[in-house]
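**Student:** Input: one structure, supplied below.
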Amino acid sequence: MVPPVDPIAFHIGPLSIHWYGILIVTGVFLGTVYAAWQAPRNGIAADHVWNGLILCVILGIIGSRLYHVFSNPQGGGLGWWWYREHPLDILKVWEGGLGIYGAIIGGILGVVLYSLHQKLPILALLDLGAPGLALGQAIGRWGNFINQELYGPPTGSSWWGVRIDAAHRLAMFPVSEYPLDTLFHPTFLYESLWSLATFIVLALLAYKNDRLRPGEIFAGYLMAYSAGRFWIEFFRPDAWTIGALATAQWVGIALFLFGLAFIVVRRQWVERQPAATPEAEETNGES
C-alpha cells in the first residue's frame, strides 16, 4: 500500500512543476533515446529521430487530449459533458486527462508526415518508435498514480491497492460507503508493467531478429498493447463505454486485428514476390 503523493514536485517562483508532466517528459525522452540508439542499425540517422520528435509530441498531445475531451466516462469523471461548458479547462493537461489511443494516432500521423517530408521509409520509423512508445507509457503511467486517477474498484484486500482521497473519488465510491483506508485496484500499475514487458519483448525482437519485415515491430506493439489494455479496461469502473464494452476495448480490438492482418498480408505478399535472379541483379546494378 502506497499513500498518495503531492502532485506538485516543486515550485519555480509562481510556477508549479507537476510530477505528471515530469514523468511524461521523462518517458518521452527515454523512449526517444532508445529509438535514436536503434536508428543507425536500421539505416536511419539518429538526428531524424530527434528532429521528428517535436512534431510527434505536439500531435500526440493534441490527439490524446481530444480523445479525453470528447469521451463520456462513467462515475463522474470529466468528459465532454464538462468541457463543453468549461472550454478553457481543455488546456489544463497538467491536471490529467490524456487518452493514450489518441496519443498513438497523433504520434503515427507525426511519423507519417515527417517521413514524407524527409523522404524516409515510414514503416522503418514506426518500428523505431514502437518500443520507445511502450517504454514511455510504462514511465508516464505513474503520473496517474500521482494524480490519483486511473484506478479500479476496491481490491477487498488489507494490503494490496492504493488509497484514494475523498476529493479524487469517483461518485460511485463515496467515503460514506468506502472509508478512506479502502484500497483500490492500481490499474495504472497494471498498464505500466504490461507496457514495460511489451518494451522488453519488442526491443529484444528488434535487436536480435533479422527476419522481421518492416512494420512488424510496430504491428506487434499494436497487438500487444491492445491485448493488455483490453484486459485492464475490465478494472475501469469509469470507462467510456459503447454498448457492452469500453470504447478503449473496441479500439483495441480494431488495432489488434489491424496489426495481425498487417503481418499476415505482408508476409504472404513478400513470400509471393519472385526472387531476383543473378542476371537481374547484375542488370539492376549497371549504370
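Labeling convention for the C-alpha cells: chains A, B, ... as they appear, residues from 1 per chain, ligands from 1 in order of appearance.
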Excluding stretch 21-30 of chain A and residues on its chain fewer than 6 positions from it, collect all residues at most 12 Å away from it, counting only C-alpha atoms, and give them as an mmCIF file with N, CA and C atoms, in the first residue's frame.

**Tutor:**
data_model
loop_
_atom_site.group_PDB
_atom_site.id
_atom_site.type_symbol
_atom_site.label_atom_id
_atom_site.label_comp_id
_atom_site.auth_asym_id
_atom_site.auth_seq_id
_atom_site.Cartn_x
_atom_site.Cartn_y
_atom_site.Cartn_z
ATOM 1 N N PRO A 7 0.940 16.082 -5.881
ATOM 2 C CA PRO A 7 1.124 16.155 -7.337
ATOM 3 C C PRO A 7 2.128 17.217 -7.783
ATOM 4 N N ILE A 8 2.424 18.176 -6.923
ATOM 5 C CA ILE A 8 3.382 19.217 -7.276
ATOM 6 C C ILE A 8 4.759 18.814 -6.763
ATOM 7 N N ALA A 9 5.718 18.688 -7.685
ATOM 8 C CA ALA A 9 7.065 18.272 -7.309
ATOM 9 C C ALA A 9 7.828 19.407 -6.643
ATOM 10 N N PHE A 10 7.770 20.606 -7.257
ATOM 11 C CA PHE A 10 8.450 21.768 -6.681
ATOM 12 C C PHE A 10 7.938 23.025 -7.370
ATOM 13 N N ALA A 36 16.674 6.588 -30.981
ATOM 14 C CA ALA A 36 17.869 7.175 -31.603
ATOM 15 C C ALA A 36 19.032 6.197 -31.570
ATOM 16 N N TRP A 37 19.123 5.420 -30.509
ATOM 17 C CA TRP A 37 20.182 4.410 -30.408
ATOM 18 C C TRP A 37 19.995 3.311 -31.443
ATOM 19 N N VAL A 49 15.397 11.025 -35.662
ATOM 20 C CA VAL A 49 14.534 10.695 -34.530
ATOM 21 C C VAL A 49 14.292 11.939 -33.678
ATOM 22 N N TRP A 50 15.370 12.668 -33.389
ATOM 23 C CA TRP A 50 15.230 13.866 -32.560
ATOM 24 C C TRP A 50 14.527 14.994 -33.309
ATOM 25 N N LEU A 53 10.815 14.435 -33.354
ATOM 26 C CA LEU A 53 10.203 14.290 -32.041
ATOM 27 C C LEU A 53 9.173 15.386 -31.754
ATOM 28 N N ILE A 54 9.533 16.635 -32.051
ATOM 29 C CA ILE A 54 8.653 17.746 -31.698
ATOM 30 C C ILE A 54 7.293 17.606 -32.373
ATOM 31 N N CYS A 56 5.869 14.860 -33.512
ATOM 32 C CA CYS A 56 5.141 13.712 -32.969
ATOM 33 C C CYS A 56 4.569 14.016 -31.589
ATOM 34 N N VAL A 57 5.334 14.728 -30.768
ATOM 35 C CA VAL A 57 4.860 15.068 -29.423
ATOM 36 C C VAL A 57 3.673 16.018 -29.497
ATOM 37 N N ILE A 58 3.779 17.035 -30.342
ATOM 38 C CA ILE A 58 2.690 18.008 -30.461
ATOM 39 C C ILE A 58 1.403 17.325 -30.921
ATOM 40 N N GLY A 60 0.766 14.157 -30.803
ATOM 41 C CA GLY A 60 0.374 13.163 -29.814
ATOM 42 C C GLY A 60 -0.392 13.777 -28.660
ATOM 43 N N ILE A 61 0.058 14.940 -28.184
ATOM 44 C CA ILE A 61 -0.644 15.620 -27.093
ATOM 45 C C ILE A 61 -2.026 16.074 -27.545
ATOM 46 N N LYS A 92 -5.913 22.472 -19.545
ATOM 47 C CA LYS A 92 -5.283 22.096 -18.278
ATOM 48 C C LYS A 92 -4.819 20.638 -18.287
ATOM 49 N N VAL A 93 -3.872 20.353 -19.166
ATOM 50 C CA VAL A 93 -3.382 18.977 -19.293
ATOM 51 C C VAL A 93 -2.619 18.538 -18.059
ATOM 52 N N TRP A 94 -2.097 19.481 -17.280
ATOM 53 C CA TRP A 94 -1.338 19.120 -16.084
ATOM 54 C C TRP A 94 -2.225 18.512 -15.001
ATOM 55 N N GLU A 95 -3.527 18.664 -15.154
ATOM 56 C CA GLU A 95 -4.457 18.069 -14.193
ATOM 57 C C GLU A 95 -4.847 16.642 -14.585
ATOM 58 N N GLY A 96 -4.221 16.138 -15.646
ATOM 59 C CA GLY A 96 -4.534 14.797 -16.105
ATOM 60 C C GLY A 96 -5.573 14.828 -17.211
ATOM 61 N N GLY A 97 -5.817 13.651 -17.768
ATOM 62 C CA GLY A 97 -6.812 13.558 -18.824
ATOM 63 C C GLY A 97 -6.193 13.493 -20.202
ATOM 64 N N LEU A 98 -5.429 12.417 -20.462
ATOM 65 C CA LEU A 98 -4.835 12.188 -21.774
ATOM 66 C C LEU A 98 -5.182 10.764 -22.196
ATOM 67 N N ILE A 100 -4.528 7.579 -24.291
ATOM 68 C CA ILE A 100 -3.350 7.031 -24.957
ATOM 69 C C ILE A 100 -3.626 6.673 -26.413
ATOM 70 N N ALA A 103 -3.135 9.620 -28.376
ATOM 71 C CA ALA A 103 -1.704 9.921 -28.490
ATOM 72 C C ALA A 103 -1.055 9.042 -29.548
ATOM 73 N N GLY A 107 0.683 10.485 -32.759
ATOM 74 C CA GLY A 107 2.092 10.179 -32.982
ATOM 75 C C GLY A 107 2.342 9.514 -34.329
ATOM 76 N N GLY A 129 9.948 3.755 -33.372
ATOM 77 C CA GLY A 129 9.204 4.435 -32.335
ATOM 78 C C GLY A 129 8.380 3.532 -31.440
ATOM 79 N N ALA A 130 7.990 2.344 -31.931
ATOM 80 C CA ALA A 130 7.065 1.498 -31.178
ATOM 81 C C ALA A 130 7.608 1.050 -29.817
ATOM 82 N N PRO A 131 8.806 0.459 -29.731
ATOM 83 C CA PRO A 131 9.300 0.069 -28.401
ATOM 84 C C PRO A 131 9.478 1.262 -27.476
ATOM 85 N N GLY A 132 9.983 2.372 -28.026
ATOM 86 C CA GLY A 132 10.151 3.568 -27.213
ATOM 87 C C GLY A 132 8.830 4.094 -26.693
ATOM 88 N N LEU A 133 7.784 3.970 -27.487
ATOM 89 C CA LEU A 133 6.451 4.381 -27.046
ATOM 90 C C LEU A 133 5.999 3.549 -25.863
ATOM 91 N N ALA A 134 6.234 2.237 -25.934
ATOM 92 C CA ALA A 134 5.864 1.357 -24.823
ATOM 93 C C ALA A 134 6.642 1.721 -23.565
ATOM 94 N N LEU A 135 7.932 2.031 -23.724
ATOM 95 C CA LEU A 135 8.740 2.431 -22.569
ATOM 96 C C LEU A 135 8.219 3.737 -21.977
ATOM 97 N N GLY A 136 7.888 4.681 -22.831
ATOM 98 C CA GLY A 136 7.345 5.948 -22.357
ATOM 99 C C GLY A 136 6.040 5.770 -21.606
ATOM 100 N N GLN A 137 5.195 4.864 -22.075
ATOM 101 C CA GLN A 137 3.934 4.588 -21.382
ATOM 102 C C GLN A 137 4.187 3.984 -20.005
ATOM 103 N N ALA A 138 5.150 3.076 -19.932
ATOM 104 C CA ALA A 138 5.455 2.433 -18.658
ATOM 105 C C ALA A 138 5.850 3.466 -17.607
ATOM 106 N N ILE A 139 6.574 4.491 -18.027
ATOM 107 C CA ILE A 139 7.013 5.536 -17.097
ATOM 108 C C ILE A 139 5.902 6.556 -16.857
ATOM 109 N N GLY A 140 5.277 7.001 -17.931
ATOM 110 C CA GLY A 140 4.264 8.048 -17.824
ATOM 111 C C GLY A 140 3.049 7.655 -17.026
ATOM 112 N N ARG A 141 2.704 6.364 -16.999
ATOM 113 C CA ARG A 141 1.521 5.921 -16.261
ATOM 114 C C ARG A 141 1.610 6.235 -14.772
ATOM 115 N N TRP A 142 2.822 6.413 -14.264
ATOM 116 C CA TRP A 142 2.949 6.727 -12.846
ATOM 117 C C TRP A 142 2.445 8.128 -12.544
ATOM 118 N N GLY A 143 2.273 8.949 -13.569
ATOM 119 C CA GLY A 143 1.645 10.239 -13.372
ATOM 120 C C GLY A 143 0.200 10.081 -12.944
ATOM 121 N N ASN A 144 -0.456 8.997 -13.400
ATOM 122 C CA ASN A 144 -1.824 8.722 -12.966
ATOM 123 C C ASN A 144 -1.876 8.375 -11.488
ATOM 124 N N PHE A 145 -0.833 7.711 -11.006
ATOM 125 C CA PHE A 145 -0.758 7.419 -9.574
ATOM 126 C C PHE A 145 -0.641 8.710 -8.772
ATOM 127 N N ILE A 146 0.215 9.619 -9.224
ATOM 128 C CA ILE A 146 0.397 10.888 -8.519
ATOM 129 C C ILE A 146 -0.918 11.666 -8.482
ATOM 130 N N ASN A 147 -1.646 11.671 -9.600
ATOM 131 C CA ASN A 147 -2.900 12.427 -9.698
ATOM 132 C C ASN A 147 -4.096 11.679 -9.115
ATOM 133 N N SER A 192 1.316 -0.053 -16.572
ATOM 134 C CA SER A 192 2.740 0.270 -16.583
ATOM 135 C C SER A 192 3.580 -0.994 -16.726
ATOM 136 N N SER A 195 3.176 -2.471 -20.219
ATOM 137 C CA SER A 195 3.915 -1.682 -21.201
ATOM 138 C C SER A 195 5.413 -1.950 -21.100
ATOM 139 N N LEU A 196 5.909 -2.105 -19.881
ATOM 140 C CA LEU A 196 7.329 -2.404 -19.703
ATOM 141 C C LEU A 196 7.671 -3.764 -20.304
ATOM 142 N N PHE A 199 7.758 -3.399 -24.038
ATOM 143 C CA PHE A 199 9.010 -2.775 -24.479
ATOM 144 C C PHE A 199 10.143 -3.793 -24.518
#

**Student:** So that I can see what lies close to stretch 219-235 of chain A, please list as number ranges by chain the residues with an atom at most 6 Å from it, counting only C-alpha atoms and leaving out residues fewer than 3 positions away in the same chain.

**Tutor:** A: 152, 216, 249, 252, 255-256, 259

**Student:** Run DSSP on the backbone of this structure and report the residues of stretch 18-228 of chain A it assigns to alpha helix (DSSP H), as a PyMOL selection string.

**Tutor:** chain A and resi 19-38+46-69+80-83+100-118+122-140+142-146+187-208+216-228

**Student:** For A:Asn51, please output as a ChimeraX atom specification all residues within 12 Å (counting only C-alpha atoms; exclusion window: fewer than 6 positions along the same chain).

**Tutor:** /A:32,36,45,57,110-111,114-115,117-118

**Student:** If you keep N, CA and C atoms, can you produce a file of those selected residues as a PDB file, in the first residue's frame?

**Tutor:**
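Output (selection-v2.pdb):
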ATOM      1  N   THR A  32      12.733   8.171 -26.723  1.00  0.00           N
ATOM      2  CA  THR A  32      13.425   8.745 -27.877  1.00  0.00           C
ATOM      3  C   THR A  32      14.899   8.358 -27.873  1.00  0.00           C
ATOM      4  N   ALA A  36      16.674   6.588 -30.981  1.00  0.00           N
ATOM      5  CA  ALA A  36      17.869   7.175 -31.603  1.00  0.00           C
ATOM      6  C   ALA A  36      19.032   6.197 -31.570  1.00  0.00           C
ATOM      7  N   ALA A  45      19.629   7.943 -39.780  1.00  0.00           N
ATOM      8  CA  ALA A  45      20.427   8.792 -38.900  1.00  0.00           C
ATOM      9  C   ALA A  45      19.654   9.097 -37.628  1.00  0.00           C
ATOM     10  N   VAL A  57       5.334  14.728 -30.768  1.00  0.00           N
ATOM     11  CA  VAL A  57       4.860  15.068 -29.423  1.00  0.00           C
ATOM     12  C   VAL A  57       3.673  16.018 -29.497  1.00  0.00           C
ATOM     13  N   GLY A 110       2.283  12.073 -36.927  1.00  0.00           N
ATOM     14  CA  GLY A 110       3.529  12.826 -36.912  1.00  0.00           C
ATOM     15  C   GLY A 110       4.643  12.095 -37.630  1.00  0.00           C
ATOM     16  N   VAL A 111       4.756  10.786 -37.387  1.00  0.00           N
ATOM     17  CA  VAL A 111       5.785   9.979 -38.061  1.00  0.00           C
ATOM     18  C   VAL A 111       5.566   9.967 -39.565  1.00  0.00           C
ATOM     19  N   TYR A 114       6.427  13.448 -41.065  1.00  0.00           N
ATOM     20  CA  TYR A 114       7.874  13.691 -41.076  1.00  0.00           C
ATOM     21  C   TYR A 114       8.564  12.797 -42.103  1.00  0.00           C
ATOM     22  N   SER A 115       8.146  11.543 -42.184  1.00  0.00           N
ATOM     23  CA  SER A 115       8.743  10.609 -43.150  1.00  0.00           C
ATOM     24  C   SER A 115       8.528  11.083 -44.580  1.00  0.00           C
ATOM     25  N   HIS A 117       7.970  14.141 -45.567  1.00  0.00           N
ATOM     26  CA  HIS A 117       8.718  15.381 -45.787  1.00  0.00           C
ATOM     27  C   HIS A 117      10.202  15.103 -46.003  1.00  0.00           C
ATOM     28  N   GLN A 118      10.741  14.144 -45.259  1.00  0.00           N
ATOM     29  CA  GLN A 118      12.166  13.832 -45.358  1.00  0.00           C
ATOM     30  C   GLN A 118      12.462  12.684 -46.322  1.00  0.00           C
TER      31      GLN A 118
END

**Student:** Between A:Val69, A:Ile104, A:Ile122, A:Pro237, which has the minimum distance to A:Pro87 (counting only C-alpha atoms)?

**Tutor:**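 Smallest distance to A:Pro87 is found for A:Val69.
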
**Student:** When you look at A:Thr155 with a cut-off of 8 Å (counting only C-alpha atoms), what residues show up, excluding the ones that are within fewer than 3 positions of it in the same chain? I need them as a ChimeraX atom specification.

**Tutor:** /A:160-161,183-185

**Student:** Would you save the residues of that selection, restricted to C-alpha atoms, as a short mmCIF file (atom, residue, chain, number, x, y, z; two decimals), in the first residue's frame?

**Tutor:**
data_model
loop_
_atom_site.label_atom_id
_atom_site.label_comp_id
_atom_site.auth_asym_id
_atom_site.auth_seq_id
_atom_site.Cartn_x
_atom_site.Cartn_y
_atom_site.Cartn_z
CA TRP A 160 -2.90 -4.66 -1.94
CA GLY A 161 -4.04 -1.49 -3.65
CA LEU A 183 -7.66 0.09 -1.18
CA PHE A 184 -8.44 0.26 -4.89
CA HIS A 185 -7.01 -1.65 -7.84
#

**Student:** Write out as a list in words each polymer residue whose atoms come within 9 Å of A:Ile105, counting only C-alpha atoms; drop sequence neighbours fewer than 6 positions from it.

**Tutor:**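 Listed by chain and then number, they are Leu59, Gly60, Gly63 and Ser64 of chain A.
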